[in-house]
Structures are given as structure tokens and as C-alpha cells.
Amino acid sequence: MCLAIPGKIKSIETRHDGMVRMAKVSFGGITKEASLEMLPEAQVNDYVLVHVGVAISRVDEQEAQKTFKYLEEIGELGELEDVDEYLPKNN
């Protein structure tokens, strides 16, 4: 099952001569990288939904926490271990 997981942006950096924005996103203590290409307005401390390494929308903190708790309860967070193969590699 493919899910968009809510997380909080901890930091943002640019790559490829400033052409690509990448964020470090915290998912309940697990930190992964996500592309911000679909959300150029995203900032540090924003909550975003991330699908296969791409932040696809912003959400408020309450909605992010509610969704994350639900995903944890139904056992769907194990997929966080599998998304590394879809994420952009550091250059």
C-alpha cells in the first residue's frame, strides 16, 4: 500500500546549484529526506504529507499528528523503512 505520511520539516537545503530544494522531515523520530519541488512555499517547521520521497501537500499540526497516530495504530509505519530506495541520493 502506498501512503502519504505526515512529517515536520526540520531543515531545508538546496542542491544542484540551487535548482532543487530538499528537506529533512521528521516522522515521529525517524528522519528522511523529501523533495520540496511540489511545495516551493514550504518552510522549516511546516507539516507536510510525503509520498515516496516527495512532499505533496502542507497540513496543519493537529491533522498531521492525528494521521500519524492512526497510521501507527494500524501498523502502516513499517513502510518508512522501505522508502529509502525511492529517495534522491546525495550528490
# chains A, B, ... in the order shown; residues from 1 in each chain; ligands from 1

call {"tool": "residues_around", "arguments": {"residues": "Gln43 in chain A", "least_positions_apart": "4", "cutoff": "10 Å", "atoms": "only C-alpha atoms", "output": "short mmCIF file (atom, residue, chain, number, x, y, z; two decimals) with C-alpha atoms, in the first residue's frame"}}
result
data_model
loop_
_atom_site.label_atom_id
_atom_site.label_comp_id
_atom_site.auth_asym_id
_atom_site.auth_seq_id
_atom_site.Cartn_x
_atom_site.Cartn_y
_atom_site.Cartn_z
CA LYS A 8 7.58 18.02 10.18
CA ILE A 9 10.25 19.83 8.16
CA LYS A 10 13.38 20.16 10.29
CA SER A 11 15.72 21.74 7.73
CA ILE A 12 15.86 22.72 4.07
CA ALA A 23 14.04 18.89 3.29
CA LEU A 36 10.07 20.12 -1.96
CA LEU A 39 5.75 22.74 -2.46
CA TYR A 47 3.96 19.84 8.42
CA VAL A 48 3.80 18.09 5.06
CA ARG A 58 1.03 21.01 3.61
#

call {"tool": "atom_distance", "arguments": {"atom1": "CA of Lys69 in chain A", "atom2": "CA of Ser35 in chain A"}}
result
23.5 Å

call {"tool": "select_by_dssp", "arguments": {"residues": "range 26-57 of chain A", "states": "strand (DSSP E or B)", "output": "list in words"}}
result
Ser26, Phe27, Ile30, Thr31, Lys32, Glu33, Ala34, Ser35, Tyr47, Val48, Leu49, Val50, His51, Val54, Ala55, Ile56 and Ser57 of chain A

call {"tool": "write_last_selection", "arguments": {"atoms": "N, CA, C and O atoms", "output": "compact mmCIF listing (two decimals), in the first residue's frame"}}
result
# COMPACT_ATOMS: atom_id res chain seq x y z
N SER A 26 10.93 14.98 9.78
CA SER A 26 10.83 14.08 10.91
C SER A 26 9.45 13.43 10.93
O SER A 26 8.42 14.11 10.91
N PHE A 27 9.46 12.10 10.98
CA PHE A 27 8.23 11.31 11.06
C PHE A 27 8.23 10.61 12.42
O PHE A 27 8.66 9.47 12.53
N ILE A 30 11.79 9.46 13.24
CA ILE A 30 12.53 8.94 12.09
C ILE A 30 12.69 10.09 11.11
O ILE A 30 11.71 10.73 10.73
N THR A 31 13.92 10.39 10.70
CA THR A 31 14.15 11.49 9.78
C THR A 31 14.52 10.96 8.40
O THR A 31 15.38 10.09 8.27
N LYS A 32 13.86 11.49 7.39
CA LYS A 32 14.10 11.13 5.99
C LYS A 32 14.20 12.40 5.17
O LYS A 32 13.73 13.46 5.58
N GLU A 33 14.75 12.27 3.97
CA GLU A 33 14.77 13.40 3.05
C GLU A 33 13.56 13.36 2.14
O GLU A 33 13.07 12.28 1.80
N ALA A 34 13.10 14.55 1.77
CA ALA A 34 11.98 14.66 0.84
C ALA A 34 12.20 15.86 -0.07
O ALA A 34 12.69 16.89 0.36
N SER A 35 11.81 15.70 -1.30
CA SER A 35 11.87 16.78 -2.27
C SER A 35 10.75 17.78 -1.98
O SER A 35 9.63 17.39 -1.66
N TYR A 47 4.31 21.25 8.50
CA TYR A 47 3.96 19.84 8.42
C TYR A 47 3.55 19.55 6.98
O TYR A 47 2.81 20.32 6.38
N VAL A 48 4.08 18.46 6.44
CA VAL A 48 3.80 18.09 5.06
C VAL A 48 3.45 16.62 4.96
O VAL A 48 3.82 15.82 5.81
N LEU A 49 2.70 16.27 3.92
CA LEU A 49 2.46 14.88 3.60
C LEU A 49 3.50 14.47 2.57
O LEU A 49 3.69 15.14 1.56
N VAL A 50 4.20 13.36 2.84
CA VAL A 50 5.27 12.89 1.97
C VAL A 50 4.88 11.55 1.38
O VAL A 50 4.49 10.63 2.09
N HIS A 51 4.98 11.47 0.06
CA HIS A 51 4.68 10.22 -0.67
C HIS A 51 5.90 9.88 -1.52
O HIS A 51 6.33 10.69 -2.33
N VAL A 54 8.54 12.62 -1.85
CA VAL A 54 8.14 13.93 -2.36
C VAL A 54 7.07 14.51 -1.43
O VAL A 54 6.05 13.86 -1.18
N ALA A 55 7.30 15.73 -0.94
CA ALA A 55 6.27 16.41 -0.15
C ALA A 55 5.19 16.87 -1.11
O ALA A 55 5.46 17.60 -2.07
N ILE A 56 3.95 16.39 -0.89
CA ILE A 56 2.88 16.66 -1.86
C ILE A 56 1.86 17.69 -1.39
O ILE A 56 1.13 18.23 -2.21
N SER A 57 1.79 17.95 -0.07
CA SER A 57 0.88 18.99 0.42
C SER A 57 1.25 19.37 1.84
O SER A 57 1.89 18.59 2.56

call {"tool": "select_by_dssp", "arguments": {"residues": "chain A", "states": "alpha helix (DSSP H)", "output": "MDAnalysis selection string"}}
result
chainID A and resid 61:73

call {"tool": "write_last_selection", "arguments": {"atoms": "N, CA, C and O atoms", "output": "PDB file, in the first residue's frame"}}
result
ATOM      1  N   GLU A  61      -0.648  21.042  12.069  1.00  0.00           N
ATOM      2  CA  GLU A  61      -0.031  20.147  13.043  1.00  0.00           C
ATOM      3  C   GLU A  61      -1.025  19.142  13.622  1.00  0.00           C
ATOM      4  O   GLU A  61      -0.721  17.961  13.754  1.00  0.00           O
ATOM      5  N   GLN A  62      -2.220  19.594  13.946  1.00  0.00           N
ATOM      6  CA  GLN A  62      -3.214  18.707  14.547  1.00  0.00           C
ATOM      7  C   GLN A  62      -3.569  17.565  13.589  1.00  0.00           C
ATOM      8  O   GLN A  62      -3.639  16.406  13.987  1.00  0.00           O
ATOM      9  N   GLU A  63      -3.790  17.886  12.319  1.00  0.00           N
ATOM     10  CA  GLU A  63      -4.118  16.864  11.330  1.00  0.00           C
ATOM     11  C   GLU A  63      -2.946  15.903  11.127  1.00  0.00           C
ATOM     12  O   GLU A  63      -3.137  14.691  11.012  1.00  0.00           O
ATOM     13  N   ALA A  64      -1.722  16.426  11.107  1.00  0.00           N
ATOM     14  CA  ALA A  64      -0.538  15.584  10.946  1.00  0.00           C
ATOM     15  C   ALA A  64      -0.424  14.598  12.101  1.00  0.00           C
ATOM     16  O   ALA A  64      -0.187  13.402  11.891  1.00  0.00           O
ATOM     17  N   GLN A  65      -0.598  15.073  13.327  1.00  0.00           N
ATOM     18  CA  GLN A  65      -0.484  14.200  14.491  1.00  0.00           C
ATOM     19  C   GLN A  65      -1.587  13.150  14.512  1.00  0.00           C
ATOM     20  O   GLN A  65      -1.342  11.983  14.833  1.00  0.00           O
ATOM     21  N   LYS A  66      -2.797  13.544  14.159  1.00  0.00           N
ATOM     22  CA  LYS A  66      -3.913  12.604  14.125  1.00  0.00           C
ATOM     23  C   LYS A  66      -3.667  11.508  13.080  1.00  0.00           C
ATOM     24  O   LYS A  66      -3.863  10.319  13.354  1.00  0.00           O
ATOM     25  N   THR A  67      -3.224  11.898  11.911  1.00  0.00           N
ATOM     26  CA  THR A  67      -2.955  10.930  10.844  1.00  0.00           C
ATOM     27  C   THR A  67      -1.807  10.010  11.218  1.00  0.00           C
ATOM     28  O   THR A  67      -1.885   8.789  11.028  1.00  0.00           O
ATOM     29  N   PHE A  68      -0.719  10.574  11.762  1.00  0.00           N
ATOM     30  CA  PHE A  68       0.432   9.762  12.148  1.00  0.00           C
ATOM     31  C   PHE A  68       0.040   8.743  13.211  1.00  0.00           C
ATOM     32  O   PHE A  68       0.409   7.572  13.137  1.00  0.00           O
ATOM     33  N   LYS A  69      -0.756   9.160  14.184  1.00  0.00           N
ATOM     34  CA  LYS A  69      -1.206   8.242  15.239  1.00  0.00           C
ATOM     35  C   LYS A  69      -2.043   7.112  14.644  1.00  0.00           C
ATOM     36  O   LYS A  69      -1.871   5.942  14.992  1.00  0.00           O
ATOM     37  N   TYR A  70      -2.935   7.443  13.725  1.00  0.00           N
ATOM     38  CA  TYR A  70      -3.757   6.424  13.081  1.00  0.00           C
ATOM     39  C   TYR A  70      -2.886   5.432  12.303  1.00  0.00           C
ATOM     40  O   TYR A  70      -3.071   4.221  12.411  1.00  0.00           O
ATOM     41  N   LEU A  71      -1.941   5.924  11.533  1.00  0.00           N
ATOM     42  CA  LEU A  71      -1.057   5.039  10.764  1.00  0.00           C
ATOM     43  C   LEU A  71      -0.245   4.127  11.686  1.00  0.00           C
ATOM     44  O   LEU A  71      -0.022   2.957  11.379  1.00  0.00           O
ATOM     45  N   GLU A  72       0.180   4.677  12.814  1.00  0.00           N
ATOM     46  CA  GLU A  72       0.914   3.884  13.795  1.00  0.00           C
ATOM     47  C   GLU A  72       0.019   2.771  14.355  1.00  0.00           C
ATOM     48  O   GLU A  72       0.444   1.622  14.467  1.00  0.00           O
ATOM     49  N   GLU A  73      -1.225   3.111  14.666  1.00  0.00           N
ATOM     50  CA  GLU A  73      -2.160   2.136  15.228  1.00  0.00           C
ATOM     51  C   GLU A  73      -2.459   0.990  14.268  1.00  0.00           C
ATOM     52  O   GLU A  73      -2.623  -0.153  14.688  1.00  0.00           O
TER      53      GLU A  73
END

call {"tool": "atom_distance", "arguments": {"atom1": "CA of Asp46 in chain A", "atom2": "CA of Val20 in chain A"}}
result
18.1 Å

call {"tool": "closest_residue", "arguments": {"among": "A:Arg21, A:Gly53, A:Pro6, A:Gly28", "to": "Pro40 in chain A", "atoms": "only C-alpha atoms"}}
result
A:Arg21

call {"tool": "atom_distance", "arguments": {"atom1": "CA of Ile5 in chain A", "atom2": "CA of Met38 in chain A"}}
result
15.4 Å
